[in-house]
file model_25.pdb (PDB, C-alpha atoms)
ATOM      1  CA  MET O   1     -52.637 -83.032  32.540  1.00  0.00           C
ATOM      2  CA  LYS O   2     -53.144 -83.458  36.243  1.00  0.00           C
ATOM      3  CA  GLN O   3     -55.392 -81.099  38.126  1.00  0.00           C
ATOM      4  CA  LYS O   4     -56.597 -80.819  41.646  1.00  0.00           C
ATOM      5  CA  TYR O   5     -59.444 -78.969  43.209  1.00  0.00           C
ATOM      6  CA  ILE O   6     -59.281 -77.831  46.818  1.00  0.00           C
ATOM      7  CA  ILE O   7     -62.806 -77.405  48.134  1.00  0.00           C
ATOM      8  CA  GLU O   8     -63.126 -75.697  51.494  1.00  0.00           C
ATOM      9  CA  LYS O   9     -65.580 -73.978  53.736  1.00  0.00           C
ATOM     10  CA  GLY O  10     -64.752 -70.291  54.046  1.00  0.00           C
ATOM     11  CA  ASP O  11     -63.428 -68.773  57.272  1.00  0.00           C
ATOM     12  CA  ASN O  12     -66.872 -67.523  58.235  1.00  0.00           C
ATOM     13  CA  LYS O  13     -68.494 -70.923  57.364  1.00  0.00           C
ATOM     14  CA  THR O  14     -71.041 -69.182  55.107  1.00  0.00           C
ATOM     15  CA  ASP O  15     -69.064 -69.655  51.890  1.00  0.00           C
ATOM     16  CA  LEU O  16     -67.701 -72.558  49.910  1.00  0.00           C
ATOM     17  CA  ILE O  17     -64.472 -71.948  48.005  1.00  0.00           C
ATOM     18  CA  ILE O  18     -63.214 -74.022  45.082  1.00  0.00           C
ATOM     19  CA  ARG O  19     -59.620 -73.557  43.977  1.00  0.00           C
ATOM     20  CA  GLU O  20     -58.426 -75.141  40.752  1.00  0.00           C
ATOM     21  CA  PHE O  21     -54.763 -76.096  40.395  1.00  0.00           C
ATOM     22  CA  ALA O  22     -52.901 -77.585  37.428  1.00  0.00           C
ATOM     23  CA  GLU O  23     -49.664 -79.530  37.462  1.00  0.00           C
ATOM     24  CA  LEU O  24     -47.200 -77.541  35.379  1.00  0.00           C
ATOM     25  CA  GLU O  25     -44.181 -79.633  36.280  1.00  0.00           C
ATOM     26  CA  LYS O  26     -43.964 -82.937  38.094  1.00  0.00           C
ATOM     27  CA  ALA O  27     -45.522 -82.509  41.555  1.00  0.00           C
ATOM     28  CA  GLU O  28     -45.577 -78.717  41.122  1.00  0.00           C
ATOM     29  CA  TYR O  29     -49.070 -77.211  41.019  1.00  0.00           C
ATOM     30  CA  SER O  30     -50.087 -73.681  40.110  1.00  0.00           C
ATOM     31  CA  LEU O  31     -53.341 -71.949  41.077  1.00  0.00           C
ATOM     32  CA  LEU O  32     -55.510 -71.362  37.990  1.00  0.00           C
ATOM     33  CA  MET O  33     -58.628 -69.888  39.537  1.00  0.00           C
ATOM     34  CA  GLU O  34     -60.673 -69.513  42.683  1.00  0.00           C
ATOM     35  CA  GLU O  35     -64.463 -69.360  42.903  1.00  0.00           C
ATOM     36  CA  THR O  36     -66.542 -68.537  46.010  1.00  0.00           C
ATOM     37  CA  TYR O  37     -70.160 -69.637  46.452  1.00  0.00           C
ATOM     38  CA  PRO O  38     -72.736 -68.943  49.178  1.00  0.00           C
ATOM     39  CA  LEU O  39     -72.761 -72.128  51.274  1.00  0.00           C
ATOM     40  CA  ALA O  40     -76.569 -72.030  51.556  1.00  0.00           C
ATOM     41  CA  THR O  41     -76.886 -72.180  47.741  1.00  0.00           C
ATOM     42  CA  ILE O  42     -74.510 -75.137  47.534  1.00  0.00           C
ATOM     43  CA  LYS O  43     -76.289 -77.002  50.343  1.00  0.00           C
ATOM     44  CA  LYS O  44     -79.646 -76.476  48.612  1.00  0.00           C
ATOM     45  CA  ALA O  45     -78.276 -77.753  45.269  1.00  0.00           C
ATOM     46  CA  ASN O  46     -76.679 -80.722  47.029  1.00  0.00           C
ATOM     47  CA  GLY O  47     -80.068 -81.610  48.515  1.00  0.00           C
ATOM     48  CA  GLU O  48     -81.613 -81.566  45.028  1.00  0.00           C
ATOM     49  CA  GLY O  49     -79.142 -84.120  43.679  1.00  0.00           C
ATOM     50  CA  LEU O  50     -75.839 -84.468  41.900  1.00  0.00           C
ATOM     51  CA  ALA O  51     -77.023 -82.925  38.609  1.00  0.00           C
ATOM     52  CA  SER O  52     -78.304 -79.819  40.393  1.00  0.00           C
ATOM     53  CA  LEU O  53     -75.042 -79.453  42.306  1.00  0.00           C
ATOM     54  CA  MET O  54     -73.019 -79.840  39.099  1.00  0.00           C
ATOM     55  CA  THR O  55     -75.053 -77.037  37.537  1.00  0.00           C
ATOM     56  CA  ALA O  56     -74.691 -74.813  40.633  1.00  0.00           C
ATOM     57  CA  ILE O  57     -70.879 -74.933  40.615  1.00  0.00           C
ATOM     58  CA  LYS O  58     -70.501 -74.020  36.943  1.00  0.00           C
ATOM     59  CA  THR O  59     -69.693 -70.350  36.402  1.00  0.00           C
ATOM     60  CA  HIS O  60     -68.064 -68.195  33.755  1.00  0.00           C
ATOM     61  CA  ASP O  61     -64.639 -68.976  35.242  1.00  0.00           C
ATOM     62  CA  LEU O  62     -65.236 -72.570  36.365  1.00  0.00           C
ATOM     63  CA  PHE O  63     -66.884 -74.680  33.681  1.00  0.00           C
ATOM     64  CA  PRO O  64     -65.374 -78.171  33.827  1.00  0.00           C
ATOM     65  CA  PRO O  65     -66.503 -81.036  31.574  1.00  0.00           C
ATOM     66  CA  SER O  66     -69.304 -83.147  33.063  1.00  0.00           C
ATOM     67  CA  SER O  67     -67.001 -85.974  34.129  1.00  0.00           C
ATOM     68  CA  ILE O  68     -64.859 -83.572  36.179  1.00  0.00           C
ATOM     69  CA  ALA O  69     -67.843 -81.575  37.465  1.00  0.00           C
ATOM     70  CA  GLU O  70     -69.296 -84.846  38.742  1.00  0.00           C
ATOM     71  CA  LYS O  71     -66.127 -85.634  40.704  1.00  0.00           C
ATOM     72  CA  ILE O  72     -66.074 -82.100  42.170  1.00  0.00           C
ATOM     73  CA  ALA O  73     -69.761 -82.384  43.123  1.00  0.00           C
ATOM     74  CA  GLU O  74     -69.133 -85.747  44.785  1.00  0.00           C
ATOM     75  CA  GLY O  75     -66.285 -84.155  46.754  1.00  0.00           C
ATOM     76  CA  ILE O  76     -68.575 -81.340  47.863  1.00  0.00           C
ATOM     77  CA  GLY O  77     -71.118 -83.926  49.004  1.00  0.00           C
ATOM     78  CA  VAL O  78     -68.470 -85.664  51.133  1.00  0.00           C
ATOM     79  CA  LEU O  79     -67.358 -82.328  52.611  1.00  0.00           C
ATOM     80  CA  LEU O  80     -70.908 -81.267  53.478  1.00  0.00           C
ATOM     81  CA  ALA O  81     -71.724 -84.652  55.011  1.00  0.00           C
ATOM     82  CA  ASP O  82     -68.787 -84.477  57.445  1.00  0.00           C
ATOM     83  CA  LYS O  83     -69.230 -81.578  59.889  1.00  0.00           C
ATOM     84  CA  GLU O  84     -65.662 -82.093  61.159  1.00  0.00           C
ATOM     85  CA  LYS O  85     -64.031 -81.484  57.752  1.00  0.00           C
ATOM     86  CA  ASP O  86     -63.206 -77.989  56.592  1.00  0.00           C
ATOM     87  CA  SER O  87     -61.692 -78.965  53.234  1.00  0.00           C
ATOM     88  CA  ILE O  88     -61.283 -81.785  50.757  1.00  0.00           C
ATOM     89  CA  GLU O  89     -59.015 -82.353  47.757  1.00  0.00           C
ATOM     90  CA  VAL O  90     -60.264 -83.814  44.477  1.00  0.00           C
ATOM     91  CA  ALA O  91     -57.434 -85.040  42.242  1.00  0.00           C
ATOM     92  CA  ILE O  92     -58.019 -85.378  38.507  1.00  0.00           C
ATOM     93  CA  ASP O  93     -55.796 -87.028  35.908  1.00  0.00           C
ATOM     94  CA  ASP O  94     -57.009 -86.287  32.369  1.00  0.00           C
ATOM     95  CA  ALA O  95     -55.286 -89.404  31.013  1.00  0.00           C
ATOM     96  CA  THR O  96     -57.325 -91.613  33.354  1.00  0.00           C
ATOM     97  CA  ILE O  97     -60.563 -89.822  32.510  1.00  0.00           C
ATOM     98  CA  LEU O  98     -59.912 -90.131  28.773  1.00  0.00           C
ATOM     99  CA  LYS O  99     -59.318 -93.882  29.137  1.00  0.00           C
ATOM    100  CA  GLU O 100     -62.579 -94.253  31.099  1.00  0.00           C
ATOM    101  CA  GLU O 101     -64.536 -92.279  28.514  1.00  0.00           C
ATOM    102  CA  GLU O 102     -62.925 -94.247  25.661  1.00  0.00           C
ATOM    103  CA  ALA O 103     -64.016 -97.510  27.330  1.00  0.00           C
ATOM    104  CA  ASP O 104     -67.571 -96.146  27.638  1.00  0.00           C
ATOM    105  CA  ILE O 105     -67.606 -95.231  23.942  1.00  0.00           C
ATOM    106  CA  GLU O 106     -66.309 -98.669  22.907  1.00  0.00           C
ATOM    107  CA  GLU O 107     -69.152-100.300  24.855  1.00  0.00           C
ATOM    108  CA  GLU O 108     -71.677 -98.232  22.878  1.00  0.00           C
ATOM    109  CA  ILE O 109     -70.390 -99.417  19.478  1.00  0.00           C
ATOM    110  CA  GLU O 110     -72.316-102.381  18.136  1.00  0.00           C
ATOM    111  CA  PRO O 111     -69.717-104.942  17.058  1.00  0.00           C
ATOM    112  CA  GLU O 112     -72.061-106.947  14.792  1.00  0.00           C
ATOM    113  CA  GLU O 113     -72.346-104.089  12.315  1.00  0.00           C
ATOM    114  CA  ASP O 114     -70.239-104.954   9.292  1.00  0.00           C
ATOM    115  CA  ILE O 115     -68.297-101.975   8.003  1.00  0.00           C
ATOM    116  CA  ASP O 116     -68.406-103.324   4.432  1.00  0.00           C
ATOM    117  CA  GLU O 117     -72.203-103.351   4.516  1.00  0.00           C
ATOM    118  CA  LEU O 118     -72.230 -99.741   5.652  1.00  0.00           C
ATOM    119  CA  LEU O 119     -69.943 -98.719   2.798  1.00  0.00           C
ATOM    120  CA  GLU O 120     -71.869-100.460  -0.027  1.00  0.00           C
ATOM    121  CA  ASP O 121     -73.592 -98.205  -2.530  1.00  0.00           C
ATOM    122  CA  ASP O 122     -77.356 -98.342  -2.589  1.00  0.00           C
ATOM    123  CA  PHE O 123     -77.479 -96.930  -6.116  1.00  0.00           C
ATOM    124  CA  SER O 124     -77.142 -98.564  -9.496  1.00  0.00           C
ATOM    125  CA  PHE O 125     -76.328 -96.557 -12.569  1.00  0.00           C
ATOM    126  CA  ASP O 126     -77.743 -97.416 -15.978  1.00  0.00           C
ATOM    127  CA  ASP O 127     -75.530 -97.107 -19.030  1.00  0.00           C
ATOM    128  CA  ASP O 128     -78.476 -95.514 -20.857  1.00  0.00           C
ATOM    129  CA  ASP O 129     -78.332 -92.481 -18.591  1.00  0.00           C
ATOM    130  CA  SER O 130     -74.727 -91.793 -19.486  1.00  0.00           C
ATOM    131  CA  ASP O 131     -75.555 -91.845 -23.229  1.00  0.00           C
ATOM    132  CA  ASP O 132     -78.195 -89.168 -22.759  1.00  0.00           C
ATOM    133  CA  ASP O 133     -75.642 -86.881 -21.197  1.00  0.00           C
ATOM    134  CA  ASP O 134     -73.332 -87.312 -24.206  1.00  0.00           C
ATOM    135  CA  ASP O 135     -76.117 -86.319 -26.609  1.00  0.00           C
ATOM    136  CA  SER O 136     -76.837 -83.114 -24.728  1.00  0.00           C
ATOM    137  CA  ASP O 137     -73.185 -82.127 -24.961  1.00  0.00           C
ATOM    138  CA  ASP O 138     -73.305 -82.541 -28.762  1.00  0.00           C
ATOM    139  CA  ASP O 139     -76.326 -80.240 -28.984  1.00  0.00           C
ATOM    140  CA  MET O 140     -74.451 -77.507 -27.182  1.00  0.00           C
ATOM    141  CA  ASP O 141     -71.525 -77.645 -29.591  1.00  0.00           C
ATOM    142  CA  SER O 142     -73.673 -76.845 -32.648  1.00  0.00           C
TER
END
call {"tool": "encode", "arguments": {"input": "model_25.pdb", "output": "structure tokens"}}
result
Amino acid sequence: MKQKYIIEKGDNKTDLIIREFAELEKAEYSLLMEETYPLATIKKANGEGLASLMTAIKTHDLFPPSSIAEKIAEGIGVLLADKEKDSIEVAIDDATILKEEEADIEEEIEPEEDIDELLEDDFSFDDDDSDDDDDSDDDMDS
């Protein structure tokens, strides 16, 4: 699914507004939600770093996965750095993000681990143990 986030400074320049849109049909976006933040709070979080800004933008209504929150936070950083800009658009394509995350996961897998070694049993069963079980069953029948 394709999404876009329009991030803009409010009319009074004391707020930051994030609008989330989703593509329902090809090139046709629908507004999903809108969240307004005090600009001073966002500027403070931006000064504390990307992780702090990602935390500051998450609310009950807007709680994107970390990979998307990071892109939104980066967009906010660009918007705040340019005094001339009043808004910025952050476009997200879930298919692209999933491919990126899949590549990251594949890098974490250690290829030298042999799957057959992982599946081998570490236990050995004695035949004597199975005979003992048969004897106890006979005792119960009497």
call {"tool": "atom_distance", "arguments": {"input": "model_25.pdb", "atom1": "CA of Ala56 in chain O", "atom2": "CA of Leu80 in chain O"}}
result
14.9 Å
call {"tool": "resolve_selection", "arguments": {"input": "model_25.pdb", "expression": "the PyMOL selection byres ((chain O and resi 31) around 10)", "output": "PDB file with C-alpha atoms, in the frame of the given file"}}
result
ATOM      1  CA  GLN O   3     -55.392 -81.099  38.126  1.00  0.00           C
ATOM      2  CA  LYS O   4     -56.597 -80.819  41.646  1.00  0.00           C
ATOM      3  CA  TYR O   5     -59.444 -78.969  43.209  1.00  0.00           C
ATOM      4  CA  ARG O  19     -59.620 -73.557  43.977  1.00  0.00           C
ATOM      5  CA  GLU O  20     -58.426 -75.141  40.752  1.00  0.00           C
ATOM      6  CA  PHE O  21     -54.763 -76.096  40.395  1.00  0.00           C
ATOM      7  CA  ALA O  22     -52.901 -77.585  37.428  1.00  0.00           C
ATOM      8  CA  GLU O  23     -49.664 -79.530  37.462  1.00  0.00           C
ATOM      9  CA  TYR O  29     -49.070 -77.211  41.019  1.00  0.00           C
ATOM     10  CA  SER O  30     -50.087 -73.681  40.110  1.00  0.00           C
ATOM     11  CA  LEU O  32     -55.510 -71.362  37.990  1.00  0.00           C
ATOM     12  CA  MET O  33     -58.628 -69.888  39.537  1.00  0.00           C
ATOM     13  CA  GLU O  34     -60.673 -69.513  42.683  1.00  0.00           C
TER      14      GLU O  34
END
call {"tool": "atom_distance", "arguments": {"input": "model_25.pdb", "atom1": "CA of Lys58 in chain O", "atom2": "CA of Ala40 in chain O"}}
result
15.9 Å
call {"tool": "closest_residue", "arguments": {"input": "model_25.pdb", "among": "O:Ala27, O:Ala81, O:Ile68, O:Ile7", "to": "Asp94 in chain O", "atoms": "all atoms listed in the file"}}
result
O:Ile68
call {"tool": "atom_distance", "arguments": {"input": "model_25.pdb", "atom1": "CA of Asn46 in chain O", "atom2": "CA of Asp93 in chain O"}}
result
24.5 Å
call {"tool": "residues_around", "arguments": {"input": "model_25.pdb", "residues": "Pro38 in chain O", "least_positions_apart": "4", "cutoff": "8 Å", "atoms": "only C-alpha atoms", "output": "list in words"}}
result
Thr14, Asp15, Leu16 and Ile42 of chain O
call {"tool": "write_last_selection", "arguments": {"input": "model_25.pdb", "atoms": "C-alpha atoms", "output": "compact mmCIF listing (two decimals), in the frame of the given file"}}
result
# COMPACT_ATOMS: atom_id res chain seq x y z
CA THR O 14 -71.04 -69.18 55.11
CA ASP O 15 -69.06 -69.66 51.89
CA LEU O 16 -67.70 -72.56 49.91
CA ILE O 42 -74.51 -75.14 47.53
call {"tool": "residues_near_point", "arguments": {"input": "model_25.pdb", "point": "(-74.0, -80.9, 38.7)", "cutoff": "10 Å", "atoms": "only C-alpha atoms", "output": "ChimeraX atom specification"}}
result
/O:45-46,48-58,66-74
call {"tool": "resolve_selection", "arguments": {"input": "model_25.pdb", "expression": "the PyMOL selection byres ((chain O and resi 8) around 7)", "output": "list of chain:residue names"}}
result
O:Ile6, O:Ile7, O:Lys9, O:Gly10, O:Leu16, O:Ile17, O:Ile18, O:Asp86, O:Ser87, O:Ile88
